[in-house]
$ cat model.cif   # mmCIF, N, CA and C atoms
data_start
#
loop_
_atom_site.label_atom_id
_atom_site.label_comp_id
_atom_site.auth_asym_id
_atom_site.auth_seq_id
_atom_site.Cartn_x
_atom_site.Cartn_y
_atom_site.Cartn_z
N MET A 1189 0.85 -1.16 0.00
CA MET A 1189 0.00 0.00 0.00
C MET A 1189 0.89 1.22 0.00
N ARG A 1190 0.55 2.20 -0.78
CA ARG A 1190 1.28 3.46 -0.80
C ARG A 1190 0.27 4.57 -0.55
N ALA A 1191 0.52 5.34 0.49
CA ALA A 1191 -0.35 6.47 0.81
C ALA A 1191 0.45 7.74 0.64
N GLN A 1192 -0.11 8.66 -0.07
CA GLN A 1192 0.57 9.94 -0.22
C GLN A 1192 -0.47 11.02 -0.42
N GLY A 1193 -0.08 12.23 -0.22
CA GLY A 1193 -1.01 13.32 -0.38
C GLY A 1193 -0.42 14.59 0.18
N GLN A 1194 -1.26 15.57 0.28
CA GLN A 1194 -0.82 16.87 0.75
C GLN A 1194 -1.94 17.51 1.54
N TRP A 1195 -1.60 18.20 2.62
CA TRP A 1195 -2.58 18.90 3.42
C TRP A 1195 -1.90 20.05 4.13
N SER A 1196 -2.68 20.97 4.61
CA SER A 1196 -2.14 22.13 5.34
C SER A 1196 -2.50 22.01 6.81
N ALA A 1197 -1.61 22.48 7.66
CA ALA A 1197 -1.83 22.44 9.10
C ALA A 1197 -1.71 23.84 9.67
N THR A 1198 -2.44 24.07 10.75
CA THR A 1198 -2.38 25.38 11.39
C THR A 1198 -1.40 25.39 12.57
N ALA A 1199 -0.82 24.25 12.88
CA ALA A 1199 0.14 24.16 13.99
C ALA A 1199 1.45 24.86 13.62
N ALA A 1200 2.17 25.27 14.62
CA ALA A 1200 3.49 25.85 14.40
C ALA A 1200 4.39 24.79 13.76
N PRO A 1201 5.23 25.17 12.81
CA PRO A 1201 6.09 24.19 12.13
C PRO A 1201 6.91 23.33 13.09
N ALA A 1202 7.47 23.90 14.15
CA ALA A 1202 8.27 23.11 15.09
C ALA A 1202 7.41 22.06 15.81
N ASP A 1203 6.18 22.43 16.19
CA ASP A 1203 5.28 21.48 16.86
C ASP A 1203 4.87 20.36 15.90
N LEU A 1204 4.58 20.72 14.68
CA LEU A 1204 4.17 19.73 13.68
C LEU A 1204 5.31 18.77 13.39
N TRP A 1205 6.52 19.29 13.22
CA TRP A 1205 7.66 18.42 12.95
C TRP A 1205 7.89 17.46 14.10
N ARG A 1206 7.79 17.95 15.34
CA ARG A 1206 7.97 17.08 16.51
C ARG A 1206 6.94 15.95 16.51
N ALA A 1207 5.69 16.25 16.20
CA ALA A 1207 4.64 15.23 16.19
C ALA A 1207 4.86 14.20 15.08
N LEU A 1208 5.27 14.65 13.91
CA LEU A 1208 5.47 13.73 12.78
C LEU A 1208 6.74 12.90 12.91
N SER A 1209 7.67 13.33 13.73
CA SER A 1209 8.92 12.57 13.88
C SER A 1209 8.94 11.73 15.15
N ASP A 1210 7.85 11.70 15.89
CA ASP A 1210 7.73 10.91 17.12
C ASP A 1210 6.87 9.69 16.82
N PRO A 1211 7.44 8.47 16.82
CA PRO A 1211 6.68 7.27 16.45
C PRO A 1211 5.38 7.10 17.22
N GLU A 1212 5.38 7.35 18.52
CA GLU A 1212 4.15 7.15 19.30
C GLU A 1212 3.07 8.15 18.91
N ALA A 1213 3.42 9.42 18.80
CA ALA A 1213 2.45 10.45 18.43
C ALA A 1213 1.94 10.22 17.01
N LEU A 1214 2.82 9.85 16.11
CA LEU A 1214 2.42 9.60 14.73
C LEU A 1214 1.50 8.40 14.62
N GLY A 1215 1.83 7.31 15.30
CA GLY A 1215 0.99 6.11 15.27
C GLY A 1215 -0.40 6.39 15.80
N GLU A 1216 -0.49 7.17 16.87
CA GLU A 1216 -1.79 7.49 17.45
C GLU A 1216 -2.60 8.43 16.56
N ALA A 1217 -1.95 9.16 15.67
CA ALA A 1217 -2.66 10.07 14.78
C ALA A 1217 -3.22 9.38 13.54
N LEU A 1218 -2.76 8.17 13.25
CA LEU A 1218 -3.26 7.44 12.09
C LEU A 1218 -4.71 7.04 12.32
N PRO A 1219 -5.53 7.03 11.28
CA PRO A 1219 -6.95 6.71 11.45
C PRO A 1219 -7.18 5.24 11.84
N ASN A 1220 -8.14 5.03 12.69
CA ASN A 1220 -8.61 3.68 13.09
C ASN A 1220 -7.54 2.82 13.74
N VAL A 1221 -6.54 3.43 14.34
CA VAL A 1221 -5.47 2.67 14.99
C VAL A 1221 -5.93 2.23 16.38
N ASP A 1222 -5.77 0.92 16.65
CA ASP A 1222 -6.15 0.35 17.93
C ASP A 1222 -4.96 0.26 18.88
N LEU A 1223 -3.77 0.04 18.34
CA LEU A 1223 -2.60 -0.22 19.17
C LEU A 1223 -1.35 0.30 18.47
N VAL A 1224 -0.48 0.94 19.22
CA VAL A 1224 0.83 1.38 18.72
C VAL A 1224 1.89 0.76 19.61
N ASP A 1225 2.84 0.08 19.00
CA ASP A 1225 3.94 -0.54 19.75
C ASP A 1225 5.24 0.06 19.23
N VAL A 1226 5.86 0.92 20.05
CA VAL A 1226 7.10 1.58 19.65
C VAL A 1226 8.27 0.66 19.99
N GLU A 1227 9.05 0.29 18.97
CA GLU A 1227 10.22 -0.57 19.17
C GLU A 1227 11.42 0.25 19.59
N ASP A 1228 11.63 1.38 18.96
CA ASP A 1228 12.70 2.30 19.33
C ASP A 1228 12.35 3.67 18.77
N GLY A 1229 13.29 4.59 18.74
CA GLY A 1229 13.01 5.95 18.30
C GLY A 1229 12.67 6.09 16.83
N ASP A 1230 12.90 5.04 16.04
CA ASP A 1230 12.64 5.11 14.60
C ASP A 1230 11.67 4.05 14.09
N ARG A 1231 11.38 3.03 14.87
CA ARG A 1231 10.52 1.93 14.39
C ARG A 1231 9.34 1.71 15.30
N PHE A 1232 8.18 1.50 14.67
CA PHE A 1232 6.98 1.21 15.44
C PHE A 1232 6.01 0.40 14.60
N THR A 1233 5.09 -0.26 15.28
CA THR A 1233 4.06 -1.06 14.65
C THR A 1233 2.71 -0.48 15.04
N ALA A 1234 1.83 -0.38 14.08
CA ALA A 1234 0.48 0.11 14.35
C ALA A 1234 -0.52 -0.94 13.87
N SER A 1235 -1.46 -1.30 14.72
CA SER A 1235 -2.54 -2.22 14.36
C SER A 1235 -3.81 -1.39 14.19
N ALA A 1236 -4.47 -1.57 13.04
CA ALA A 1236 -5.63 -0.75 12.72
C ALA A 1236 -6.71 -1.58 12.04
N ARG A 1237 -7.90 -1.02 11.97
CA ARG A 1237 -9.03 -1.65 11.28
C ARG A 1237 -9.54 -0.67 10.23
N PHE A 1238 -9.65 -1.13 8.99
CA PHE A 1238 -10.11 -0.28 7.90
C PHE A 1238 -11.32 -0.89 7.22
N ALA A 1239 -12.26 -0.05 6.82
CA ALA A 1239 -13.42 -0.51 6.05
C ALA A 1239 -12.96 -0.75 4.61
N THR A 1240 -13.26 -1.95 4.10
CA THR A 1240 -12.92 -2.29 2.72
C THR A 1240 -14.16 -2.83 2.03
N GLY A 1241 -14.00 -3.24 0.81
CA GLY A 1241 -15.12 -3.78 0.06
C GLY A 1241 -15.65 -5.10 0.61
N VAL A 1242 -14.88 -5.76 1.48
CA VAL A 1242 -15.30 -7.04 2.05
C VAL A 1242 -15.61 -6.91 3.54
N GLY A 1243 -15.77 -5.70 4.02
CA GLY A 1243 -16.06 -5.46 5.43
C GLY A 1243 -14.89 -4.76 6.11
N VAL A 1244 -14.76 -4.97 7.39
CA VAL A 1244 -13.67 -4.35 8.15
C VAL A 1244 -12.47 -5.29 8.11
N THR A 1245 -11.33 -4.75 7.71
CA THR A 1245 -10.11 -5.53 7.59
C THR A 1245 -9.09 -5.06 8.60
N SER A 1246 -8.56 -5.99 9.37
CA SER A 1246 -7.50 -5.65 10.32
C SER A 1246 -6.17 -5.64 9.59
N MET A 1247 -5.32 -4.70 9.99
CA MET A 1247 -4.02 -4.58 9.35
C MET A 1247 -2.98 -4.23 10.41
N ARG A 1248 -1.83 -4.84 10.29
CA ARG A 1248 -0.70 -4.52 11.16
C ARG A 1248 0.38 -3.92 10.27
N MET A 1249 0.77 -2.69 10.56
CA MET A 1249 1.74 -1.98 9.73
C MET A 1249 3.03 -1.81 10.50
N GLU A 1250 4.15 -2.17 9.88
CA GLU A 1250 5.46 -1.93 10.45
C GLU A 1250 6.01 -0.69 9.77
N LEU A 1251 6.27 0.35 10.55
CA LEU A 1251 6.69 1.64 10.01
C LEU A 1251 8.06 2.02 10.55
N THR A 1252 8.84 2.66 9.71
CA THR A 1252 10.17 3.12 10.10
C THR A 1252 10.32 4.57 9.66
N ILE A 1253 10.82 5.38 10.56
CA ILE A 1253 11.20 6.74 10.18
C ILE A 1253 12.57 6.60 9.53
N ALA A 1254 12.57 6.68 8.20
CA ALA A 1254 13.77 6.37 7.42
C ALA A 1254 14.70 7.57 7.27
N GLU A 1255 14.15 8.76 7.41
CA GLU A 1255 14.98 9.95 7.23
C GLU A 1255 14.37 11.11 8.00
N ARG A 1256 15.22 11.86 8.66
CA ARG A 1256 14.79 13.06 9.39
C ARG A 1256 15.74 14.20 9.06
N ARG A 1257 15.19 15.34 8.78
CA ARG A 1257 15.97 16.58 8.73
C ARG A 1257 15.29 17.52 9.71
N GLU A 1258 15.96 17.77 10.81
CA GLU A 1258 15.39 18.53 11.93
C GLU A 1258 14.60 19.74 11.46
N GLY A 1259 13.31 19.74 11.84
CA GLY A 1259 12.44 20.87 11.55
C GLY A 1259 12.03 21.04 10.11
N GLU A 1260 12.41 20.09 9.25
CA GLU A 1260 12.20 20.29 7.81
C GLU A 1260 11.53 19.11 7.10
N HIS A 1261 11.95 17.87 7.40
CA HIS A 1261 11.53 16.73 6.58
C HIS A 1261 11.54 15.45 7.41
N VAL A 1262 10.52 14.62 7.20
CA VAL A 1262 10.46 13.29 7.79
C VAL A 1262 9.98 12.34 6.69
N ARG A 1263 10.74 11.25 6.44
CA ARG A 1263 10.31 10.24 5.47
C ARG A 1263 10.04 8.96 6.24
N ILE A 1264 8.84 8.42 6.05
CA ILE A 1264 8.41 7.22 6.78
C ILE A 1264 8.17 6.11 5.77
N THR A 1265 8.73 4.94 6.04
CA THR A 1265 8.52 3.79 5.15
C THR A 1265 7.82 2.70 5.91
#

$ encode --input "model.cif" --output "structure tokens"
Amino acid sequence: MRAQGQWSATAAPADLWRALSDPEALGEALPNVDLVDVEDGDRFTASARFATGVGVTSMRMELTIAERREGEHVRIT
């Protein structure tokens, strides 16, 4: 699955960057997430339930913050 897009936020850039680069805060911000398990400062797992064409589907996602540029950029894989 590849999710991408663009949106605008009203938060201060420093606050937004901190939230997007923190695995626990980011996992909890994802839609329909039931559980976030932070392995370390860059890796976490999120368990979620999504509505699909066959009903509600449970999914476990392993996410890694692959790149950080302080206050500027976060790449998550």

$ select_by_dssp --input "model.cif" --residues "stretch 1208-1247 of chain A" --states "strand (DSSP E or B)" --output "list in words"
Val1221, Asp1222, Leu1223, Val1224, Asp1225, Val1226, Arg1231, Phe1232, Thr1233, Ala1234, Ser1235, Ala1236, Arg1237, Phe1238, Ala1239, Thr1240, Gly1243, Val1244, Thr1245, Ser1246 and Met1247 of chain A

$ resolve_selection --input "model.cif" --expression "the PyMOL selection byres ((chain A and resi 1211) around 7)" --output "list of chain:residue names"
A:Ala1207, A:Leu1208, A:Ser1209, A:Asp1210, A:Glu1212, A:Ala1213, A:Leu1214, A:Gly1215, A:Glu1216, A:Val1226, A:Gly1229, A:Asp1230, A:Arg1231, A:Phe1232

$ atom_distance --input "model.cif" --atom1 "atom CA of A:Asp1203" --atom2 "atom CA of A:Glu1227"
22.7 Å

$ resolve_selection --input "model.cif" --expression "the PyMOL selection byres (((chain A and resi 1256 and name CA) around 12) and name CA)" --output "list in words"
Trp1205, Arg1206, Leu1208, Ser1209, Asp1210, Gly1229, Asp1230, Thr1252, Ile1253, Ala1254, Glu1255, Arg1257, Glu1258, Gly1259, Glu1260, His1261, Val1262, Arg1263, Ile1264 and Thr1265 of chain A

$ atom_distance --input "model.cif" --atom1 "atom C of A:Leu1218" --atom2 "atom N of A:Thr1245"
14.3 Å

$ closest_residue --input "model.cif" --among "A:Val1244, A:Leu1204, A:Ala1236, A:Gln1194" --to "A:Val1224" --atoms "only N, CA and C atoms"
A:Ala1236

$ atom_distance --input "model.cif" --atom1 "atom CA of A:Arg1237" --atom2 "atom CA of A:Trp1195"
22.9 Å

$ select_by_dssp --input "model.cif" --residues "stretch 1198-1265 of chain A" --states "alpha helix (DSSP H)" --output "ChimeraX atom specification"
/A:1201-1208,1211-1217

$ resolve_selection --input "model.cif" --expression "the PyMOL selection byres ((chain A and resi 1220) around 7)" --output "list in words"
Ala1217, Leu1218, Pro1219, Val1221, Asp1222, Leu1223, Ser1235, Ala1236, Arg1237 and Phe1238 of chain A
